[in-house]
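Since the structure comes first, as structure tokens, the remarks are kept for the end.
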Amino acid sequence: MGAGQSETARAGGGRPGEGADRPALPVLQLVGVSKRFDDFTAVDDISLDIREGEFLTIVGPSGSGKTTLLRMLAGLEQPSEGNITLRGTLINDLPARRRPTCLVFQSLALFPHMTVGRNIEFPLKAKGVSAAERKARALELLRMVRLPEAYYGKNVMTCSGGERQRVALARAFAYDPDVLFFDEPLSALDYKLKKLLEKELKDLHKETGKTFVYITHSLEEAMVMSDRIGVMRAGKLVQVGSPDAIYGQPQNRFVAEFVGEVNVIGVTLSNGAWLSQETAEPVRLVLPQTMAGAERAAVVIRPEYMKFLAAPGDADNVVSGRVYNEYSLGSRIQYQVRAGERVFLIEMSRSQIRPGTGDGEVLIGWNAEDAIVVEA
Ligand code: ADP
Ligand code: MG
């Protein structure tokens with residue numbers, strides 16, 4: 001950890017949006033930002049406003065440029081092109097230590113030979129805060145990250161993984177940054193602990209009112225915590241929106257598939273009819289107006305909209321297949337139905353009766369209006 005903080009740099013002066021009725025300035029703004037390593041473009045022409053006090057999560061597969069983007073925001077890397085501004089002031093060249101930001105890594109980089117207390121106090125000591133004041137603040141921060149005060153004198157190496165993550169978080173808050181950056185801080189933790197810390201991070205965000213910019217390859221994690229989500233692919237930001245918008249109105253096939261647990265069917269226009277690329281069956285779909293003139297598309301059907309059919313006429317689009325897996329999702333059941341090469345997911349509540357039971361062939365299908373049609 002330990003990248004950047006600042007008691008000096010408050011570029012841009014007072015907080016925007018306070019009192020005055022001028023529109024709130026984004027805390028951080030990227031305009032046409034790219035980063036090249038030799039001839040490889042890791043971040044490709046990203047423009048994005050990060051709003052004061054929001055919890056923004058950037059998701060994307062490994063290698064999509066998330067860390068590089070964050071390192072530019074934190075001042076650890078300079079853009080090859082484009083501008084980054086902090087409350088209206090250009091900061092492309094402002095070093096990390098002079099930015100009011102702090103980066104929390106997955107690899108915690110706590111000082112192993114120090115106690116929990118001394119780790120948390122480190123930034124305060126660097127600022128010249130008195131010992132008594134440092135301790136009082138460290139104890140306050142321990143409470144904030146839900147660690148017992150008795151941990152103050154504990155050697156940090158004797159803490160568990162989750163506890164160390166909390167110590168790192170407390171130390172980040174000790175810098176009193178305006179913006180906290182998180183680069184996959186929970187990815188090394190087990191599932192249960194991760195879920196707990198996700199919730200706590202969200203609470204901390206609310207309690208502190210700071211701007212959080214969080215990176216993860218797990219959309220599930222992003223969905224739980226974020227006000228907004230940005231999806232990255234191969235250096236580009238392909239969609240930014242609320243979790244609901246990302247889930248409900250994915251912009252293209254990549255985002256829809258990244259959301260996961262959906263049925264996606266590629267279709268092409270042929271002699272006025274949409275045909276599935278997989279089955280060569282005509283597909284009935286409602287093409288959104290924005291896609292008029294398209295010749296390729298992807299049809300996204302959420303598992304809860306896919307149905308078992310009693311008869312072929314019961315849905316606009318029909319596929320026959322065989323149930324080969326059945327999972328309990330608590331109150332719901334997920335079926336996996338294999339149709340030729342592909343597998344469809346169907347979810348229904350336990351109280352629903354599945355037609356066409358038995359080991360034989362089943363008919364499944366969906367109605368045109370229940371599918372989302374997106375760019376291929
Ligand atoms: P992510 O965090 O989404 O997994 P990164 O931002 O770490 O992605 O990396 C994006 C791409 O940029 C990767 O292909 C990576 O190999 C490349 N890359 C990152 N840093 C450097 C560097 N310092 N030199 C060369 N290539 C780099
Ligand atoms: Mg990364």
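Letters A, B, ... mark the chains of the structure tokens in the order given; residue numbers begin at 1 per chain; ligand numbers begin at 1, in order shown.
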
At most 8 Å is the cut-off: for each residue in chain A with any atom that close to an atom of ligand 2, write down the nearest atom pair and the distance in Å rounded to one decimal, counting only C-alpha atoms and all ligand atoms, chain first then increasing number, as a Markdown table.
```
| residue | atom | partner | partner_atom_place_in_ligand_line | distance |
| --- | --- | --- | --- | --- |
| A:Ser62 | CA | ligand 2 | 1 (Mg) | 6.5 |
| A:Gly63 | CA | ligand 2 | 1 (Mg) | 6.8 |
| A:Gly65 | CA | ligand 2 | 1 (Mg) | 7.0 |
| A:Lys66 | CA | ligand 2 | 1 (Mg) | 5.5 |
| A:Thr67 | CA | ligand 2 | 1 (Mg) | 4.1 |
| A:Thr68 | CA | ligand 2 | 1 (Mg) | 7.3 |
| A:Asp183 | CA | ligand 2 | 1 (Mg) | 6.6 |
| A:Glu184 | CA | ligand 2 | 1 (Mg) | 7.2 |
| A:Ile215 | CA | ligand 2 | 1 (Mg) | 7.7 |
| A:Thr216 | CA | ligand 2 | 1 (Mg) | 7.8 |
```

Dump of C-alpha atoms for the selected residues, as an mmCIF file, in the first residue's frame:
```
data_model
loop_
_atom_site.group_PDB
_atom_site.id
_atom_site.type_symbol
_atom_site.label_atom_id
_atom_site.label_comp_id
_atom_site.auth_asym_id
_atom_site.auth_seq_id
_atom_site.Cartn_x
_atom_site.Cartn_y
_atom_site.Cartn_z
ATOM 1 C CA SER A 62 -7.910 -9.974 -16.225
ATOM 2 C CA GLY A 63 -5.674 -7.929 -18.516
ATOM 3 C CA GLY A 65 -6.448 -2.514 -18.160
ATOM 4 C CA LYS A 66 -8.143 -1.942 -14.803
ATOM 5 C CA THR A 67 -4.978 -1.692 -12.722
ATOM 6 C CA THR A 68 -3.307 0.546 -15.291
ATOM 7 C CA ASP A 183 -7.369 -2.832 -6.503
ATOM 8 C CA GLU A 184 -9.016 -6.204 -5.939
ATOM 9 C CA ILE A 215 -11.560 -2.595 -9.114
ATOM 10 C CA THR A 216 -12.577 -6.198 -9.391
#
```

**Expected answer as a VMD selection string: residues within 12 Å of ligand 1, only C-alpha atoms and all ligand atoms** = chain A and resid 34 to 44 58 to 72 76 to 78 105 to 106 182 to 184 214 to 218 231 to 237

- prompt: Could you pull out the strand (DSSP E) residues of range 100-346 of chain A from DSSP and send them as an MDAnalysis selection string?
  reply: chainID A and resid 101:104 179:183 211:216 228:233 236:241 263:270 273:276 296:301 307:309 317:329 332:339 342:346

Excluding Asn317 in chain A and residues on its chain fewer than 2 positions from it, collect all residues at most 9 Å away from it, counting only C-alpha atoms, and give them as a PDB file with N, CA and C atoms, in the first residue's frame.
```pdb
ATOM      1  N   PRO A 282     -35.345 -19.873 -37.408  1.00  0.00           N
ATOM      2  CA  PRO A 282     -35.725 -18.454 -37.381  1.00  0.00           C
ATOM      3  C   PRO A 282     -35.985 -18.030 -35.927  1.00  0.00           C
ATOM      4  N   VAL A 283     -35.540 -16.839 -35.596  1.00  0.00           N
ATOM      5  CA  VAL A 283     -35.731 -16.356 -34.226  1.00  0.00           C
ATOM      6  C   VAL A 283     -36.649 -15.155 -34.266  1.00  0.00           C
ATOM      7  N   ARG A 284     -37.691 -15.207 -33.475  1.00  0.00           N
ATOM      8  CA  ARG A 284     -38.561 -14.033 -33.371  1.00  0.00           C
ATOM      9  C   ARG A 284     -38.029 -13.136 -32.285  1.00  0.00           C
ATOM     10  N   LEU A 285     -37.733 -11.898 -32.639  1.00  0.00           N
ATOM     11  CA  LEU A 285     -37.211 -10.988 -31.637  1.00  0.00           C
ATOM     12  C   LEU A 285     -37.771  -9.603 -31.852  1.00  0.00           C
ATOM     13  N   PRO A 312     -45.346 -26.677 -28.378  1.00  0.00           N
ATOM     14  CA  PRO A 312     -44.500 -25.762 -29.146  1.00  0.00           C
ATOM     15  C   PRO A 312     -45.128 -24.387 -29.347  1.00  0.00           C
ATOM     16  N   GLY A 313     -46.463 -24.299 -29.310  1.00  0.00           N
ATOM     17  CA  GLY A 313     -47.103 -23.011 -29.520  1.00  0.00           C
ATOM     18  C   GLY A 313     -47.069 -22.094 -28.307  1.00  0.00           C
ATOM     19  N   ASP A 314     -46.494 -22.566 -27.204  1.00  0.00           N
ATOM     20  CA  ASP A 314     -46.585 -21.812 -25.956  1.00  0.00           C
ATOM     21  C   ASP A 314     -45.583 -20.662 -25.821  1.00  0.00           C
ATOM     22  N   ALA A 315     -44.675 -20.541 -26.790  1.00  0.00           N
ATOM     23  CA  ALA A 315     -43.745 -19.406 -26.750  1.00  0.00           C
ATOM     24  C   ALA A 315     -43.363 -19.045 -28.174  1.00  0.00           C
ATOM     25  N   VAL A 319     -37.057 -24.326 -28.366  1.00  0.00           N
ATOM     26  CA  VAL A 319     -35.868 -25.160 -28.544  1.00  0.00           C
ATOM     27  C   VAL A 319     -36.158 -26.480 -27.858  1.00  0.00           C
ATOM     28  N   ILE A 364     -38.244 -26.052 -24.438  1.00  0.00           N
ATOM     29  CA  ILE A 364     -38.064 -24.814 -23.693  1.00  0.00           C
ATOM     30  C   ILE A 364     -38.228 -23.659 -24.669  1.00  0.00           C
ATOM     31  N   GLY A 365     -38.432 -22.489 -24.144  1.00  0.00           N
ATOM     32  CA  GLY A 365     -38.604 -21.359 -25.051  1.00  0.00           C
ATOM     33  C   GLY A 365     -38.768 -20.050 -24.328  1.00  0.00           C
ATOM     34  N   TRP A 366     -38.867 -19.012 -25.134  1.00  0.00           N
ATOM     35  CA  TRP A 366     -39.046 -17.663 -24.574  1.00  0.00           C
ATOM     36  C   TRP A 366     -39.850 -16.823 -25.547  1.00  0.00           C
ATOM     37  N   ASN A 367     -40.478 -15.808 -25.002  1.00  0.00           N
ATOM     38  CA  ASN A 367     -41.229 -14.887 -25.825  1.00  0.00           C
ATOM     39  C   ASN A 367     -40.352 -13.725 -26.264  1.00  0.00           C
ATOM     40  N   ALA A 368     -40.655 -13.233 -27.464  1.00  0.00           N
ATOM     41  CA  ALA A 368     -39.824 -12.176 -28.047  1.00  0.00           C
ATOM     42  C   ALA A 368     -39.676 -10.996 -27.085  1.00  0.00           C
TER      43      ALA A 368
END
```

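The closest residue to Ser242 in chain A, picked from A:Val255, A:Met223, A:Met306, A:Pro185 and counting only C-alpha atoms, is A:Met223.
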
What separates CA of Pro250 in chain A and CA of Lys194 in chain A is a distance of 26.1 Å

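Of the residues listed (A:Glu278, A:Glu375, A:Glu221, A:Glu326), A:Glu278 shows the shortest atom-to-atom separation from Gly340 in chain A; distances use only C-alpha atoms.
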
| request: Within 12 Å of Tyr191 in chain A, counting only C-alpha atoms, which residues show up once you throw out same-chain ones fewer than 4 positions away? Write them as a PyMOL selection string, please. | output: chain A and resi 162+186-187+195-198+220-221

### Residues near Pro288 in chain A, cut-off 12 Å, only C-alpha atoms, skip fewer than 3 positions along chain, as a list in words
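So the residues in contact are Gln249, Gln251, Leu285, Met291, Ala292, Gly293, Ala294, Ala297, Ala298, Val299, Ala368, Glu369, Ala371, Ile372, Val373, Val374 and Glu375 of chain A.
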
Could those residues be written to a file, using N, CA, C and O atoms, as an mmCIF file, in the first residue's frame?
```cif
data_model
loop_
_atom_site.group_PDB
_atom_site.id
_atom_site.type_symbol
_atom_site.label_atom_id
_atom_site.label_comp_id
_atom_site.auth_asym_id
_atom_site.auth_seq_id
_atom_site.Cartn_x
_atom_site.Cartn_y
_atom_site.Cartn_z
ATOM 1 N N GLN A 249 -29.933 -3.550 -18.953
ATOM 2 C CA GLN A 249 -29.745 -3.034 -20.311
ATOM 3 C C GLN A 249 -28.293 -3.106 -20.724
ATOM 4 O O GLN A 249 -27.640 -2.087 -20.947
ATOM 5 N N GLN A 251 -25.126 -3.198 -22.884
ATOM 6 C CA GLN A 251 -24.967 -2.520 -24.166
ATOM 7 C C GLN A 251 -24.651 -3.477 -25.302
ATOM 8 O O GLN A 251 -25.011 -3.241 -26.438
ATOM 9 N N LEU A 285 -37.733 -11.898 -32.639
ATOM 10 C CA LEU A 285 -37.211 -10.988 -31.637
ATOM 11 C C LEU A 285 -37.771 -9.603 -31.852
ATOM 12 O O LEU A 285 -38.253 -9.281 -32.938
ATOM 13 N N MET A 291 -31.367 -0.141 -32.926
ATOM 14 C CA MET A 291 -30.582 -1.088 -33.711
ATOM 15 C C MET A 291 -31.146 -1.289 -35.113
ATOM 16 O O MET A 291 -30.774 -2.237 -35.812
ATOM 17 N N ALA A 292 -32.021 -0.379 -35.516
ATOM 18 C CA ALA A 292 -32.597 -0.482 -36.862
ATOM 19 C C ALA A 292 -31.472 -0.536 -37.887
ATOM 20 O O ALA A 292 -30.491 0.204 -37.796
ATOM 21 N N GLY A 293 -31.576 -1.433 -38.819
ATOM 22 C CA GLY A 293 -30.561 -1.529 -39.853
ATOM 23 C C GLY A 293 -29.442 -2.502 -39.515
ATOM 24 O O GLY A 293 -28.592 -2.795 -40.348
ATOM 25 N N ALA A 294 -29.437 -3.012 -38.281
ATOM 26 C CA ALA A 294 -28.386 -3.964 -37.896
ATOM 27 C C ALA A 294 -28.587 -5.287 -38.632
ATOM 28 O O ALA A 294 -29.706 -5.651 -38.983
ATOM 29 N N ALA A 297 -26.920 -9.389 -34.292
ATOM 30 C CA ALA A 297 -27.361 -8.977 -32.959
ATOM 31 C C ALA A 297 -27.135 -10.143 -32.009
ATOM 32 O O ALA A 297 -26.794 -11.258 -32.429
ATOM 33 N N ALA A 298 -27.281 -9.876 -30.741
ATOM 34 C CA ALA A 298 -27.240 -10.935 -29.744
ATOM 35 C C ALA A 298 -28.521 -10.846 -28.931
ATOM 36 O O ALA A 298 -28.937 -9.766 -28.528
ATOM 37 N N VAL A 299 -29.156 -11.977 -28.757
ATOM 38 C CA VAL A 299 -30.393 -12.030 -27.991
ATOM 39 C C VAL A 299 -30.043 -12.546 -26.596
ATOM 40 O O VAL A 299 -29.418 -13.597 -26.460
ATOM 41 N N ALA A 368 -40.655 -13.233 -27.464
ATOM 42 C CA ALA A 368 -39.824 -12.176 -28.047
ATOM 43 C C ALA A 368 -39.676 -10.996 -27.085
ATOM 44 O O ALA A 368 -38.584 -10.448 -26.923
ATOM 45 N N GLU A 369 -40.771 -10.620 -26.422
ATOM 46 C CA GLU A 369 -40.702 -9.406 -25.580
ATOM 47 C C GLU A 369 -39.942 -9.652 -24.271
ATOM 48 O O GLU A 369 -39.620 -8.715 -23.556
ATOM 49 N N ALA A 371 -36.962 -11.038 -24.214
ATOM 50 C CA ALA A 371 -35.530 -11.047 -24.500
ATOM 51 C C ALA A 371 -35.030 -9.614 -24.637
ATOM 52 O O ALA A 371 -35.777 -8.708 -24.968
ATOM 53 N N ILE A 372 -33.760 -9.438 -24.344
ATOM 54 C CA ILE A 372 -33.112 -8.155 -24.589
ATOM 55 C C ILE A 372 -32.254 -8.352 -25.830
ATOM 56 O O ILE A 372 -31.512 -9.340 -25.923
ATOM 57 N N VAL A 373 -32.373 -7.442 -26.774
ATOM 58 C CA VAL A 373 -31.548 -7.562 -27.981
ATOM 59 C C VAL A 373 -30.456 -6.509 -27.914
ATOM 60 O O VAL A 373 -30.726 -5.336 -27.677
ATOM 61 N N VAL A 374 -29.216 -6.952 -28.046
ATOM 62 C CA VAL A 374 -28.082 -6.036 -27.918
ATOM 63 C C VAL A 374 -27.146 -6.199 -29.110
ATOM 64 O O VAL A 374 -27.281 -7.148 -29.898
ATOM 65 N N GLU A 375 -26.192 -5.269 -29.210
ATOM 66 C CA GLU A 375 -25.184 -5.382 -30.259
ATOM 67 C C GLU A 375 -24.412 -6.673 -30.099
ATOM 68 O O GLU A 375 -24.104 -7.071 -28.977
#
```

Open item on the list: Using only C-alpha atoms, which protein or nucleic acid residues come within 12 Å of Cys159 in chain A? Drop anything in the same chain fewer than 4 positions from it, and give the result as an NGL selection string.
Closed with: :A and (110 or 112 or 114-116 or 147-148 or 151-155 or 163-168)

Based on the selection just made, write N, CA and C atoms of those residues as a compact mmCIF listing (two decimals), in the first residue's frame.
```
# COMPACT_ATOMS: atom_id res chain seq x y z
N LEU A 110 1.63 -4.31 4.47
CA LEU A 110 1.73 -3.77 5.83
C LEU A 110 3.17 -3.96 6.29
N PRO A 112 5.60 -5.61 8.40
CA PRO A 112 5.46 -6.85 9.18
C PRO A 112 6.09 -6.77 10.58
N MET A 114 5.98 -4.32 12.56
CA MET A 114 5.30 -3.35 13.43
C MET A 114 3.99 -3.89 13.97
N THR A 115 3.55 -3.29 15.05
CA THR A 115 2.24 -3.64 15.60
C THR A 115 1.15 -3.06 14.69
N VAL A 116 -0.05 -3.54 14.96
CA VAL A 116 -1.23 -3.02 14.25
C VAL A 116 -1.29 -1.49 14.43
N LEU A 147 -12.31 -3.68 14.42
CA LEU A 147 -11.29 -4.49 15.10
C LEU A 147 -11.27 -4.06 16.56
N PRO A 148 -11.02 -5.03 17.47
CA PRO A 148 -10.99 -4.67 18.89
C PRO A 148 -9.83 -3.71 19.18
N TYR A 151 -6.27 -4.84 19.75
CA TYR A 151 -5.37 -5.16 18.64
C TYR A 151 -4.29 -4.10 18.43
N TYR A 152 -4.45 -2.98 19.10
CA TYR A 152 -3.49 -1.89 18.93
C TYR A 152 -2.05 -2.36 19.11
N GLY A 153 -1.81 -3.19 20.13
CA GLY A 153 -0.44 -3.63 20.42
C GLY A 153 -0.08 -4.98 19.82
N LYS A 154 -0.97 -5.53 19.02
CA LYS A 154 -0.74 -6.87 18.46
C LYS A 154 0.19 -6.78 17.26
N ASN A 155 1.07 -7.78 17.13
CA ASN A 155 1.92 -7.82 15.95
C ASN A 155 1.05 -8.13 14.73
N GLU A 163 -8.31 -9.82 9.06
CA GLU A 163 -7.94 -8.77 10.01
C GLU A 163 -6.88 -7.84 9.42
N ARG A 164 -5.94 -8.44 8.71
CA ARG A 164 -4.90 -7.62 8.08
C ARG A 164 -5.50 -6.69 7.04
N GLN A 165 -6.50 -7.21 6.35
CA GLN A 165 -7.17 -6.37 5.35
C GLN A 165 -7.82 -5.16 6.04
N ARG A 166 -8.36 -5.40 7.22
CA ARG A 166 -8.97 -4.30 7.97
C ARG A 166 -7.91 -3.32 8.45
N VAL A 167 -6.74 -3.85 8.86
CA VAL A 167 -5.65 -2.95 9.30
C VAL A 167 -5.22 -2.07 8.12
N ALA A 168 -5.10 -2.69 6.96
CA ALA A 168 -4.69 -1.93 5.77
C ALA A 168 -5.70 -0.84 5.44
```

Computed gap from CA of Met225 in chain A to CA of Glu149 in chain A is 27.0 Å

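Atom to atom, CA of Met348 in chain A and CA of Ala376 in chain A stand 27.4 Å apart.
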
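In this comparison, which uses only C-alpha atoms, the residue of A:Leu363, A:Ala174, A:Met157, A:Leu90 approaching Phe122 in chain A most closely is A:Ala174.
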
Neighbour list for Asn325 in chain A as a list in words, cut-off 9 Å, only C-alpha atoms, skip fewer than 6 positions in-chain
Gln334, Tyr335, Gln336 and Val337 of chain A

Include N, CA, C and O atoms and write out the residues we just selected as a short mmCIF file (atom, residue, chain, number, x, y, z; two decimals), in the first residue's frame.
```
data_model
loop_
_atom_site.label_atom_id
_atom_site.label_comp_id
_atom_site.auth_asym_id
_atom_site.auth_seq_id
_atom_site.Cartn_x
_atom_site.Cartn_y
_atom_site.Cartn_z
N GLN A 334 -32.42 -23.99 -10.59
CA GLN A 334 -31.87 -23.72 -11.92
C GLN A 334 -31.68 -25.03 -12.67
O GLN A 334 -31.10 -25.98 -12.14
N TYR A 335 -32.20 -25.06 -13.88
CA TYR A 335 -32.02 -26.23 -14.74
C TYR A 335 -31.04 -25.89 -15.84
O TYR A 335 -31.03 -24.78 -16.36
N GLN A 336 -30.24 -26.85 -16.20
CA GLN A 336 -29.41 -26.72 -17.38
C GLN A 336 -29.96 -27.68 -18.42
O GLN A 336 -30.09 -28.87 -18.16
N VAL A 337 -30.30 -27.12 -19.56
CA VAL A 337 -30.89 -27.92 -20.62
C VAL A 337 -29.93 -27.92 -21.81
O VAL A 337 -29.55 -26.86 -22.32
#
```
